[in-house]
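Here is the structure we will look at, set down as structure tokens.
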Amino acid sequence: MKFVDEAFIDVAAGDGGNGCSSFRREKFREFGGPDGGNGGRGGHVFALADPNLNTLVDFRYARRHEARRGQHGMGSDMFGAAGDDITLRMPVGTIISDADTGEVLHELLQPGQAVLVAKGGDGGFGNLHFKSSTNRAPRQKTPGWPGEKRSLKLELKVLADVGLLGMPNAGKSTFIAAVSNARPKIADYPFTTLYPNLGVVRVGPEQSFVVADIPGLIEGASEGAGLGHQFLRHLQRTRLLLHIVDIAPFDEGVDPVVQARAIVAELKKYDPSLHAKPRWLVLNKLDMVPPAEREARVREFVRRLRWKGPVFQISALTREGCEPLIQAVYQFVRAQQVADAPAEPPDPRFADAAEPHQK
């Protein structure tokens, strides 16, 4: 299935039904009173966060979504029926914004979350509504109100705890396949990954976190080179970034330190807040380095890069060093989740007991 993380759609809520001007006509009743009913409400347009979806591809081909209008009011005190609402199912993590002004209207962050994106118009009043003791034969009626019409921009930012970044063929897809149930395409040529992959890493019973793998970055990505710049938005909601570096490139003329610095520079150009996120260095493909040379090569790499943060040495192919890494990642993510969790309000039943007694 094609991956689409940005789409533009037009939504139109239903118009309200018109009110009716009618008078009662019945045999042997000389003076029939007003009996025109009100019009029905137009249908609303809702957006629903569906955890079973992971792309906006459906909205790439179906761009116009209209709800039905309300029925008109009728005589004999009959009110018009409301128009049917429509619900647009979107992936969790979708940002809904106004395409004309750029204003963010809603963010679908919880599965099952439903938001109103276009309100249906109210129905018009029939002459029964205007009946009073001084106005016994009203002939007034009002038309239904129009429903809202909007042009919307849909942008998907996947919800993941940890994001992987690095050059093409650094081993990101191999790593996510080694530690999770995700099965991304893996090959020995660059840009094997063409769209983000999500994997759930199980650390223990009821202990897990979500990892996002995006296409590899190259120098100039912030200006549009390569593929990764299109998907960097998916890392903006992560709590931690794992910078995976190929410590043993096939091409001897390639310097891993220069590549690592280029990735950091592109990250800073794209979004300074993304650059400021916690970032750990993961040196991959140690199975390609003789055991006697590993320590010296890693020490030299860290010295030249002037890296002061955490460093992990792994081989995603043989899974060497992966277990300590995912344990450390889970502890970090869990601590962040606890820190960000809102404090529960105190139970009012025990509020007096918590306060020290005053004499």
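Chain identifiers are assigned as A, B, and so on, following the order in which chains appear in the structure tokens; residues are numbered from 1 within each chain, and ligands are numbered from 1 in order of appearance.
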- Spatial neighbours of region 278-285 of chain A, max dist 10 Å, only C-alpha atoms, sep filter under 2 positions, as a PyMOL selection string: chain A and resi 162-166+170-172+175+238-249+256+260+274-276+287-289+298+301-302+307-322+325+329
- Message: Would you pick out the contacts of Gly19 (chain A) at 6 Å or less, using only C-alpha atoms, so that residues sharing its chain but fewer than 3 positions from it are not included, and give the list as a ChimeraX atom specification?
- Response: /A:38-39,73,124-126,141-143
- Message: Need to verify the contact set: region 106-108 of chain A, 6 Å, only C-alpha atoms, exclusion of same-chain residues closer than 4 positions in sequence. Can you return it as a ChimeraX atom specification?
- Response: /A:49,92-96
- Task: Check the smallest atom-to-atom distance from each of A:Glu155, A:Gly147, A:Pro51, A:Arg89 to Gly102 (chain A) using only C-alpha atoms, then report the winner.
- Result: A:Glu155
- Item | Residue contacts of region 34-37 of chain A (10 Å, only C-alpha atoms) excluding same-chain residues fewer than 2 positions away, as a PyMOL selection string | chain A and resi 18-25+31-32+39-40+72-80+124-131+136-141
With N, CA, C and O atoms kept, could you save the residues just selected as a compact mmCIF listing (two decimals), in the first residue's frame?
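File produced: out-v3.txt:
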```txt
# COMPACT_ATOMS: atom_id res chain seq x y z
N ASN A 18 -35.37 24.25 5.19
CA ASN A 18 -36.16 25.48 5.30
C ASN A 18 -37.40 25.24 6.17
O ASN A 18 -37.95 24.13 6.21
N GLY A 19 -37.83 26.30 6.84
CA GLY A 19 -39.08 26.24 7.59
C GLY A 19 -40.27 26.29 6.65
O GLY A 19 -40.16 26.71 5.49
N CYS A 20 -41.41 25.85 7.14
CA CYS A 20 -42.61 25.76 6.31
C CYS A 20 -43.68 26.73 6.82
O CYS A 20 -43.86 26.88 8.04
N SER A 21 -44.34 27.39 5.88
CA SER A 21 -45.48 28.25 6.23
C SER A 21 -46.75 27.52 5.79
O SER A 21 -47.00 27.36 4.59
N SER A 22 -47.54 27.07 6.75
CA SER A 22 -48.73 26.27 6.43
C SER A 22 -49.80 26.53 7.48
O SER A 22 -49.50 26.91 8.62
N PHE A 23 -51.06 26.33 7.05
CA PHE A 23 -52.18 26.49 7.98
C PHE A 23 -53.03 25.23 7.95
O PHE A 23 -53.14 24.55 6.93
N ARG A 24 -53.63 24.96 9.07
CA ARG A 24 -54.42 23.74 9.20
C ARG A 24 -55.67 23.84 8.34
O ARG A 24 -56.41 24.82 8.41
N ARG A 25 -55.91 22.81 7.55
CA ARG A 25 -57.12 22.76 6.72
C ARG A 25 -57.88 21.49 7.07
O ARG A 25 -57.42 20.39 6.79
N PHE A 31 -61.51 28.14 11.25
CA PHE A 31 -60.26 28.87 11.43
C PHE A 31 -59.13 27.88 11.77
O PHE A 31 -58.98 27.51 12.94
N GLY A 32 -58.40 27.49 10.75
CA GLY A 32 -57.26 26.59 10.99
C GLY A 32 -56.03 27.39 11.41
O GLY A 32 -55.73 28.45 10.84
N GLY A 39 -37.36 23.29 9.82
CA GLY A 39 -36.49 22.45 9.00
C GLY A 39 -35.50 21.68 9.86
O GLY A 39 -35.23 22.03 11.02
N GLY A 40 -34.97 20.62 9.30
CA GLY A 40 -34.01 19.78 10.03
C GLY A 40 -32.59 20.31 9.94
O GLY A 40 -32.22 21.04 9.01
N HIS A 72 -36.76 19.73 4.70
CA HIS A 72 -37.58 20.93 4.94
C HIS A 72 -38.73 20.60 5.88
O HIS A 72 -39.18 19.44 5.97
N GLY A 73 -39.17 21.62 6.58
CA GLY A 73 -40.35 21.46 7.41
C GLY A 73 -41.60 21.27 6.55
O GLY A 73 -41.63 21.67 5.38
N MET A 74 -42.65 20.70 7.13
CA MET A 74 -43.90 20.44 6.40
C MET A 74 -45.09 20.81 7.27
O MET A 74 -44.94 21.12 8.45
N GLY A 75 -46.26 20.79 6.64
CA GLY A 75 -47.46 21.09 7.38
C GLY A 75 -47.82 19.99 8.35
O GLY A 75 -47.12 18.98 8.48
N SER A 76 -48.93 20.19 9.04
CA SER A 76 -49.40 19.24 10.06
C SER A 76 -48.38 19.08 11.18
O SER A 76 -48.19 17.99 11.72
N ASP A 77 -47.72 20.16 11.51
CA ASP A 77 -46.75 20.18 12.62
C ASP A 77 -45.59 19.20 12.41
O ASP A 77 -45.04 18.67 13.37
N MET A 78 -45.22 18.96 11.18
CA MET A 78 -44.13 18.01 10.90
C MET A 78 -42.81 18.75 10.72
O MET A 78 -42.70 19.63 9.85
N PHE A 79 -41.85 18.39 11.56
CA PHE A 79 -40.51 18.98 11.48
C PHE A 79 -39.65 18.14 10.54
O PHE A 79 -39.81 16.91 10.46
N GLY A 80 -38.72 18.78 9.87
CA GLY A 80 -37.82 18.07 8.96
C GLY A 80 -36.81 17.23 9.72
O GLY A 80 -36.37 17.58 10.82
N GLY A 124 -34.36 26.07 9.46
CA GLY A 124 -35.15 27.30 9.54
C GLY A 124 -36.42 27.10 10.34
O GLY A 124 -36.85 25.96 10.60
N PHE A 125 -37.04 28.20 10.73
CA PHE A 125 -38.26 28.16 11.54
C PHE A 125 -39.49 28.18 10.64
O PHE A 125 -39.55 28.94 9.66
N GLY A 126 -40.45 27.36 11.00
CA GLY A 126 -41.75 27.42 10.33
C GLY A 126 -42.66 28.42 11.02
O GLY A 126 -42.33 28.97 12.09
N ASN A 127 -43.84 28.65 10.41
CA ASN A 127 -44.70 29.69 11.00
C ASN A 127 -45.30 29.23 12.32
O ASN A 127 -45.79 30.05 13.11
N LEU A 128 -45.25 27.93 12.63
CA LEU A 128 -45.71 27.48 13.94
C LEU A 128 -44.84 28.07 15.05
O LEU A 128 -45.31 28.33 16.16
N HIS A 129 -43.57 28.33 14.73
CA HIS A 129 -42.65 28.89 15.72
C HIS A 129 -43.03 30.32 16.10
O HIS A 129 -42.75 30.76 17.22
N PHE A 130 -43.64 31.03 15.17
CA PHE A 130 -43.92 32.46 15.40
C PHE A 130 -45.32 32.70 15.96
O PHE A 130 -45.73 33.84 16.14
N LYS A 131 -46.09 31.64 16.23
CA LYS A 131 -47.45 31.79 16.75
C LYS A 131 -47.42 32.35 18.17
O LYS A 131 -46.60 31.91 18.99
N ARG A 136 -51.69 35.44 15.70
CA ARG A 136 -52.34 34.13 15.62
C ARG A 136 -52.26 33.51 14.23
O ARG A 136 -52.55 32.31 14.08
N ALA A 137 -51.97 34.29 13.23
CA ALA A 137 -51.88 33.75 11.87
C ALA A 137 -50.57 34.21 11.22
O ALA A 137 -50.57 34.94 10.23
N PRO A 138 -49.45 33.83 11.81
CA PRO A 138 -48.16 34.28 11.23
C PRO A 138 -47.89 33.60 9.89
O PRO A 138 -48.22 32.42 9.68
N ARG A 139 -47.35 34.35 9.00
CA ARG A 139 -46.95 33.80 7.71
C ARG A 139 -45.42 33.83 7.54
O ARG A 139 -44.92 33.59 6.46
N GLN A 140 -44.72 34.11 8.62
CA GLN A 140 -43.26 34.15 8.54
C GLN A 140 -42.68 32.74 8.50
O GLN A 140 -43.22 31.82 9.11
N LYS A 141 -41.61 32.62 7.82
CA LYS A 141 -40.78 31.41 7.84
C LYS A 141 -39.36 31.82 7.49
O LYS A 141 -39.15 32.86 6.86
```
- Task: Could you give me the residues within region 174-335 of chain A that DSSP places in strand (DSSP E), as a ChimeraX atom specification?
- Result: /A:197-204,207-213,240-246,279-284,311-313
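Computed from the coordinates, the CA of Asp161 (chain A) to CA of Phe209 (chain A) distance equals 6.1 Å.
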- Item | Å distance separating CA of Ile176 (chain A) from CA of Glu6 (chain A), one decimal place | 24.5 Å
- Message: Using only C-alpha atoms, can you tell me which of A:Ser133, A:Thr101, A:Asn54, A:Ser151 comes closest to Ala13 (chain A)?
- Response: A:Ser151
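Closest approach to Ser180 (chain A) among A:Asp271, A:Glu344, A:Asp84, A:Glu323: A:Glu323, based on only C-alpha atoms.
Proximity to His65 (chain A) was assessed for A:Gln113, A:Val104, A:Leu152, A:Ser132 counting only C-alpha atoms; the smallest distance is recorded for A:Leu152.
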